[in-house]
Each structure stands twice: as structure tokens, then as C-alpha cells.
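Asker: File input.cif follows (mmCIF, C-alpha atoms and all ligand atoms):
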data_entry
loop_
_atom_site.label_atom_id
_atom_site.label_comp_id
_atom_site.auth_asym_id
_atom_site.auth_seq_id
_atom_site.Cartn_x
_atom_site.Cartn_y
_atom_site.Cartn_z
CA MET A 1223 -10.77 18.80 -4.58
CA ASP A 1224 -13.62 16.96 -6.22
CA LEU A 1225 -16.13 16.04 -3.51
CA ILE A 1226 -17.44 12.94 -5.23
CA HIS A 1227 -13.93 11.59 -5.67
CA PHE A 1228 -13.13 12.35 -2.05
CA GLY A 1229 -16.30 10.56 -0.97
CA TYR A 1230 -15.24 7.57 -3.04
CA ASP A 1231 -11.73 7.63 -1.48
CA LEU A 1232 -13.26 7.76 2.01
CA LEU A 1233 -15.58 4.83 1.26
CA LYS A 1234 -12.69 2.80 -0.16
CA LEU A 1235 -10.58 3.47 2.95
CA PHE A 1236 -13.54 2.57 5.16
CA ILE A 1237 -13.99 -0.80 3.41
CA PHE A 1238 -10.31 -1.67 3.89
CA ILE A 1239 -10.10 -0.43 7.50
CA LEU A 1240 -13.39 -1.83 8.86
CA PRO A 1241 -11.96 -5.36 9.37
CA ALA A 1242 -9.06 -3.77 11.31
CA MET A 1243 -11.45 -1.75 13.48
CA VAL A 1244 -13.41 -4.88 14.37
CA ALA A 1245 -10.18 -6.90 14.87
CA ASN A 1246 -9.03 -4.21 17.28
CA GLY A 1247 -12.28 -4.06 19.27
CA THR A 1248 -13.08 -7.76 19.57
CA PRO A 1249 -10.27 -8.70 22.06
CA VAL A 1250 -11.80 -6.34 24.63
CA ILE A 1251 -14.75 -8.80 24.78
CA VAL A 1252 -13.13 -12.10 23.67
CA HIS A 1253 -9.70 -12.73 25.16
CA GLY A 1254 -7.85 -15.25 27.30
CA LEU A 1255 -5.24 -17.97 26.92
CA PRO A 1256 -1.70 -17.02 27.99
CA PRO A 1257 -0.31 -13.54 27.50
CA ILE A 1258 1.67 -13.16 24.24
CA ASP A 1259 4.90 -12.48 26.14
CA MET A 1260 4.19 -15.58 28.30
CA GLY A 1261 4.89 -13.45 31.36
CA LYS A 1262 8.47 -12.75 30.27
CA LYS A 1263 10.29 -9.55 31.09
CA TRP A 1264 12.46 -7.27 28.94
CA ARG A 1265 15.99 -6.34 30.08
CA ASP A 1266 14.59 -3.28 31.90
CA GLY A 1267 12.80 -5.65 34.28
CA ARG A 1268 9.35 -4.75 32.98
CA ARG A 1269 7.04 -7.02 31.00
CA ILE A 1270 7.61 -7.21 27.22
CA PHE A 1271 3.93 -6.49 26.44
CA GLY A 1272 2.02 -7.19 29.65
CA ASP A 1273 -1.16 -9.08 30.56
CA GLY A 1274 -3.32 -6.85 28.32
CA LYS A 1275 -2.07 -8.66 25.18
CA THR A 1276 -3.20 -12.29 25.00
CA TRP A 1277 -3.12 -15.04 22.35
CA GLY A 1278 -6.89 -15.29 22.74
CA GLY A 1279 -7.19 -11.62 21.83
CA ILE A 1280 -5.02 -12.05 18.72
CA LEU A 1281 -7.04 -15.10 17.65
CA SER A 1282 -10.47 -13.53 18.24
CA GLY A 1283 -9.34 -10.33 16.50
CA ILE A 1284 -8.16 -12.16 13.37
CA ILE A 1285 -11.33 -14.29 13.22
CA ALA A 1286 -13.60 -11.25 13.68
CA GLY A 1287 -11.68 -9.33 10.99
CA LEU A 1288 -12.05 -12.27 8.59
CA ILE A 1289 -15.80 -12.46 9.28
CA ILE A 1290 -16.13 -8.77 8.37
CA GLY A 1291 -14.00 -9.43 5.27
CA SER A 1292 -16.35 -12.27 4.22
CA ILE A 1293 -19.42 -10.07 4.63
CA GLU A 1294 -17.75 -7.29 2.64
CA SER A 1295 -16.76 -9.78 -0.08
CA VAL A 1296 -20.42 -10.72 -0.57
CA ILE A 1297 -21.60 -7.07 -0.54
CA ILE A 1298 -19.04 -5.68 -3.00
CA TRP A 1299 -18.70 -8.94 -4.96
CA HIS A 1300 -14.91 -8.99 -4.69
CA ASN A 1301 -12.76 -11.30 -2.57
CA MET A 1302 -11.63 -9.22 0.43
CA LEU A 1303 -10.35 -12.07 2.62
CA TYR A 1304 -6.64 -11.46 2.04
CA ASP A 1305 -7.06 -7.69 2.47
CA ALA A 1306 -9.07 -8.27 5.68
CA PHE A 1307 -6.43 -10.64 7.04
CA ILE A 1308 -3.58 -8.19 6.35
CA ALA A 1309 -5.50 -5.24 7.83
CA SER A 1310 -6.51 -7.22 10.95
CA PHE A 1311 -3.03 -8.64 11.47
CA GLY A 1312 -1.49 -5.18 11.03
CA ALA A 1313 -3.98 -3.73 13.51
CA LEU A 1314 -3.08 -6.30 16.17
CA ILE A 1315 0.67 -5.87 15.55
CA GLY A 1316 0.29 -2.08 15.79
CA ASP A 1317 -1.51 -2.51 19.11
CA LEU A 1318 1.25 -4.86 20.29
CA ILE A 1319 3.99 -2.37 19.33
CA ALA A 1320 2.15 0.36 21.26
CA SER A 1321 2.09 -1.84 24.37
CA PHE A 1322 5.80 -2.55 23.92
CA ILE A 1323 6.48 1.21 23.78
CA LYS A 1324 4.24 1.85 26.81
CA ARG A 1325 6.08 -0.76 28.90
CA ARG A 1326 9.50 0.65 27.85
CA ILE A 1327 8.55 4.15 29.01
CA GLY A 1328 7.33 2.68 32.29
CA LEU A 1329 3.53 2.82 31.79
CA GLU A 1330 1.64 -0.01 33.49
CA ARG A 1331 -0.86 -2.18 31.60
CA GLY A 1332 -4.00 -0.12 30.97
CA ALA A 1333 -2.38 3.26 31.70
CA PRO A 1334 -3.48 5.89 29.17
CA ALA A 1335 -1.17 6.91 26.32
CA PRO A 1336 -3.10 9.58 24.37
CA LEU A 1337 -3.15 9.15 20.57
CA LEU A 1338 -1.03 5.96 20.79
CA ASP A 1339 -3.91 4.03 22.43
CA GLN A 1340 -6.45 5.20 19.85
CA LEU A 1341 -4.41 5.17 16.64
CA ASP A 1342 -1.92 2.30 17.08
CA PHE A 1343 -4.11 -0.25 15.32
CA TYR A 1344 -5.01 2.16 12.51
CA VAL A 1345 -1.38 2.98 11.68
CA GLY A 1346 -0.52 -0.72 11.93
CA ALA A 1347 -3.31 -1.63 9.50
CA LEU A 1348 -2.30 1.09 7.00
CA VAL A 1349 1.37 0.06 7.11
CA PHE A 1350 0.52 -3.63 6.63
CA LEU A 1351 -1.94 -2.87 3.82
CA TYR A 1352 0.86 -0.97 2.08
CA LEU A 1353 3.67 -3.48 2.71
CA PHE A 1354 1.82 -6.75 2.14
CA ASP A 1355 -1.07 -5.70 -0.08
CA GLY A 1356 0.35 -2.75 -2.07
CA LYS A 1357 -2.57 -0.52 -1.01
CA ILE A 1358 -2.13 3.26 -0.94
CA PHE A 1359 -4.98 5.59 0.06
CA ASN A 1360 -5.77 9.29 -0.24
CA ILE A 1361 -3.76 10.99 2.52
CA TYR A 1362 -6.58 13.47 3.29
CA ALA A 1363 -9.01 10.58 3.65
CA GLU A 1364 -6.50 8.89 5.98
CA LEU A 1365 -6.18 12.01 8.15
CA LEU A 1366 -9.92 12.62 8.35
CA PHE A 1367 -10.38 8.96 9.24
CA ALA A 1368 -7.76 9.28 12.00
CA VAL A 1369 -9.86 12.01 13.63
CA LEU A 1370 -13.04 9.94 13.28
CA ILE A 1371 -11.34 6.84 14.73
CA TYR A 1372 -9.99 8.85 17.64
CA ALA A 1373 -13.48 10.15 18.48
CA LEU A 1374 -15.09 6.73 17.98
CA HIS A 1375 -12.44 5.03 20.13
CA ARG A 1376 -12.99 7.46 23.00
CA THR A 1377 -16.77 6.98 22.79
CA THR A 1378 -16.78 3.17 22.56
CA ASN A 1379 -14.20 2.78 25.34
CA TYR A 1380 -16.28 5.00 27.59
CA MET A 1381 -19.31 2.83 26.80
CA ALA A 1382 -17.28 -0.38 27.42
CA TYR A 1383 -16.27 1.09 30.78
CA LYS A 1384 -19.89 1.89 31.66
CA LEU A 1385 -20.89 -1.65 30.65
CA LYS A 1386 -18.07 -2.92 32.91
CA LEU A 1387 -16.24 -4.56 29.98
CA LYS A 1388 -13.24 -2.37 30.78
CA ASN A 1389 -11.87 -1.16 34.11
CA VAL A 1390 -10.86 2.27 32.82
CA PRO A 1391 -12.71 4.68 30.50
CA TRP A 1392 -9.85 4.96 27.91
N1 LIG B 1401 -6.73 -7.68 24.63
C1 LIG B 1401 -6.18 -8.95 24.53
N2 LIG B 1401 -5.26 -9.24 23.55
C2 LIG B 1401 -4.88 -8.30 22.66
C3 LIG B 1401 -5.42 -7.01 22.74
C4 LIG B 1401 -6.34 -6.72 23.75
O1 LIG B 1401 -6.52 -9.84 25.32
N3 LIG B 1401 -4.00 -8.63 21.71
C5 LIG B 1401 -7.74 -7.40 25.67
C6 LIG B 1401 -7.14 -7.29 27.08
O2 LIG B 1401 -8.07 -7.82 27.98
C7 LIG B 1401 -6.97 -5.79 27.23
C8 LIG B 1401 -8.20 -5.26 26.52
O3 LIG B 1401 -8.38 -6.15 25.42
O4 LIG B 1401 -6.91 -5.39 28.58
C9 LIG B 1401 -8.08 -3.83 26.05
O5 LIG B 1401 -7.02 -3.67 25.12
P1 LIG B 1401 -5.98 -2.48 25.26
O6 LIG B 1401 -6.64 -1.24 25.71
O7 LIG B 1401 -5.23 -2.44 23.97
O8 LIG B 1401 -4.97 -3.03 26.39
P2 LIG B 1401 -4.59 -2.46 27.82
O9 LIG B 1401 -5.18 -3.35 28.86
O10 LIG B 1401 -4.88 -1.00 27.88
O11 LIG B 1401 -3.01 -2.69 27.88
P3 LIG B 1401 -1.81 -1.76 27.35
O12 LIG B 1401 -1.47 -0.80 28.44
O13 LIG B 1401 -0.73 -2.73 27.07
O14 LIG B 1401 -2.30 -1.06 26.10
MG MG B 1402 -5.87 0.43 26.85
K K B 1403 -4.39 -0.14 22.24
#
Now, as a test, write the supplied structure out as C-alpha cells.
Answerer:
Amino acid sequence: MDLIHFGYDLLKLFIFILPAMVANGTPVIVHGLPPIDMGKKWRDGRRIFGDGKTWGGILSGIIAGLIIGSIESVIIWHNMLYDAFIASFGALIGDLIASFIKRRIGLERGAPAPLLDQLDFYVGALVFLYLFDGKIFNIYAELLFAVLIYALHRTTNYMAYKLKLKNVPW
């Protein structure tokens, strides 16, 4: 494989995923307002999503993703706002689906679910970018990025825990 082309594919993926990464991280710091499920329970008696998914988190995530998209638009001189919105929205939906799955298998809010916790937003962003933006990326770039995101997620969450932004280090 041509290294320069692979480098270009990685950079392209990075530009499209960065708004999603920021949209995913912002709710940890800026959240609030009622929980998305409004406290409602599923038929199994457990919460639909739980208190870890709030409207404030969705709102702050979308806004932060759009800010990154605006900055990118200026840097690469190409309007990235729609792409940033789709990627951020997909990231937050992916995170929501992961919480739904966690509640259905009986995991409490904040309990660790390895791989799911770290990659939910990334898969959500990629799926949304494909479905609503027609974007397809180099699969090897996507896989390498998954490993990088996993490592970055573990590191930043540990730091957020040390800074007392999170109660658990995952
Ligand atoms: N958060 C939020 N709204 C969202 C996503 C995240 O308010 N849509 C905030 C919550 O304060 C949440 C924190 O960001 O606790 C960390 O997010 P995450 O790790 O995804 O949630 P958990 O608390 O671990 O809950 P779950 O078990 O459902 O993943
Ligand atoms: Mg968590
Ligand atoms: K998550």
C-alpha cells in the first residue's frame, strides 16, 4: 500500500471524525437538563438509557461538534458544517444505543462495557456519515483509528477521573 495515500486517507478520516470526538467528550463536562429517557423505564423494569444520558449533553455535544466543524471549514476552506453535524449527531446516537444495550443486559449507569464504551460514538459517527452524507473511508484507516481512539479514550477518561470530572476511571 502506498504510504502517502494511506497518510492522506488517515488525515481525511481524522478531519471527518474530529467533530464526533469532541461531540462525544464535551457532555462529560457540560451536561444537565432532564435525562433523555425522562426517567422512564423499559418493559424489563430498568431505565431506557439512564441518568448518564441528558438533553444537556446532547445539546453541548452538537454545539461543540459544530464549533470544530466551523474551525475546520476555515482551515481547509471547504464548508464542513453539515458533515460535522452528521458526525456529531451519529456519535451521540451511537453513545445512546450503547447505553440502551448496557441497560438491557443489566449494567448500571457508569458500569464498564469494554470496547462498547470506547467505540460506540465512533461507529455511530461512521454509520451516520455513510447513511446521511455518503462518506466512505479506507477500511484500514478506520481500523487503525479505532485502536487510536480506544487508547485515547482510556487515557482521557483516566485523566477526567483524576481531575474529578468523572467518578470512575473508564
Ligand atoms: N453525558 C450526558 N449526556 C450524554 C452523554 C454523556 O449528560 N448524552 C454525561 C453524563 O454526565 C455521563 C458522562 O457524560 O455520566 C459520561 O458519559 P458516558 O461514559 O457515556 O456515560 P455513563 O455515565 O458511563 O453511562 P452509561 O453506563 O449509560 O454509558
Ligand atoms: Mg461511561
Ligand atoms: K459511552
Asker: Which one of A:Thr1248, A:Asn1301, A:Gln1340, A:Thr1276 sits closest to A:Gly1261 if you count all atoms listed in the file?
Answerer: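 Nearest to A:Gly1261: A:Thr1276.
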Asker: In Å, with one decimal, what is the gap from atom CA of A:Phe1354 to atom CA of A:Ile1308?
Answerer: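 Pair atom CA of A:Phe1354 / atom CA of A:Ile1308 returns 7.0 Å.
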Asker: When you count all atoms listed in the file, which of these residues is closest to A:Asp1339: A:His1253, A:Arg1326, A:Lys1357, A:Arg1376?
Answerer: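 The answer is A:Arg1376, which sits nearest to A:Asp1339.
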Asker: Choose the residue, out of A:Gly1229, A:Gly1312, A:Gly1278, A:Pro1334, that has the smallest atom-to-atom separation from ligand K 1403 (chain B); count only C-alpha atoms and all ligand atoms.
Answerer: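 Looking at the shortest contact to ligand K 1403 (chain B), the residue is A:Pro1334.
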Asker: List the spatial neighbours of A:Leu1235 as a PDB file with C-alpha atoms, keeping the file's coordinate frame - criterion: any atom at most 10 Å away, only C-alpha atoms, same-chain residues fewer than 3 positions off excluded.
Answerer:
ATOM      1  CA  GLY A1229     -16.300  10.560  -0.970  1.00  0.00           C
ATOM      2  CA  TYR A1230     -15.240   7.570  -3.040  1.00  0.00           C
ATOM      3  CA  ASP A1231     -11.730   7.630  -1.480  1.00  0.00           C
ATOM      4  CA  LEU A1232     -13.260   7.760   2.010  1.00  0.00           C
ATOM      5  CA  PHE A1238     -10.310  -1.670   3.890  1.00  0.00           C
ATOM      6  CA  ILE A1239     -10.100  -0.430   7.500  1.00  0.00           C
ATOM      7  CA  LEU A1240     -13.390  -1.830   8.860  1.00  0.00           C
ATOM      8  CA  LEU A1348      -2.300   1.090   7.000  1.00  0.00           C
ATOM      9  CA  LYS A1357      -2.570  -0.520  -1.010  1.00  0.00           C
ATOM     10  CA  ILE A1358      -2.130   3.260  -0.940  1.00  0.00           C
ATOM     11  CA  PHE A1359      -4.980   5.590   0.060  1.00  0.00           C
ATOM     12  CA  ASN A1360      -5.770   9.290  -0.240  1.00  0.00           C
ATOM     13  CA  ALA A1363      -9.010  10.580   3.650  1.00  0.00           C
ATOM     14  CA  GLU A1364      -6.500   8.890   5.980  1.00  0.00           C
ATOM     15  CA  PHE A1367     -10.380   8.960   9.240  1.00  0.00           C
TER      16      PHE A1367
END
Asker: Find the residues around A:Lys1324 up to 12 Å (all atoms listed in the file counted), leave out those fewer than 3 positions away in its own chain, and share them as a VMD selection string.
Answerer: chain A and resid 1268 to 1272 1274 1317 to 1321 1327 to 1336 1338 to 1339 1342
Asker: Using only C-alpha atoms, can you tell me which of A:Gly1346, A:Ile1237, A:Leu1225, A:Leu1387 comes closest to A:Met1302?
Answerer: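 With only C-alpha atoms as the atom set, the closest residue is A:Ile1237.
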Asker: So how far away is atom CA of A:Ile1371 from atom CA of A:Val1252, in Å?
Answerer: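 Separating atom CA of A:Val1252 from atom CA of A:Ile1371 is a distance of 21.0 Å.
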Asker: Could you jot down the atom CA of A:Thr1377 to atom CA of A:Ala1313 separation for me, Å, one decimal place?
Answerer: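 Taking atom CA of A:Thr1377 and atom CA of A:Ala1313, their separation equals 19.1 Å.
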Asker: Taking only C-alpha atoms into account, name the residue in A:Leu1341, A:Leu1353, A:Leu1255, A:Val1244 that is nearest to A:Leu1370.
Answerer: A:Leu1341
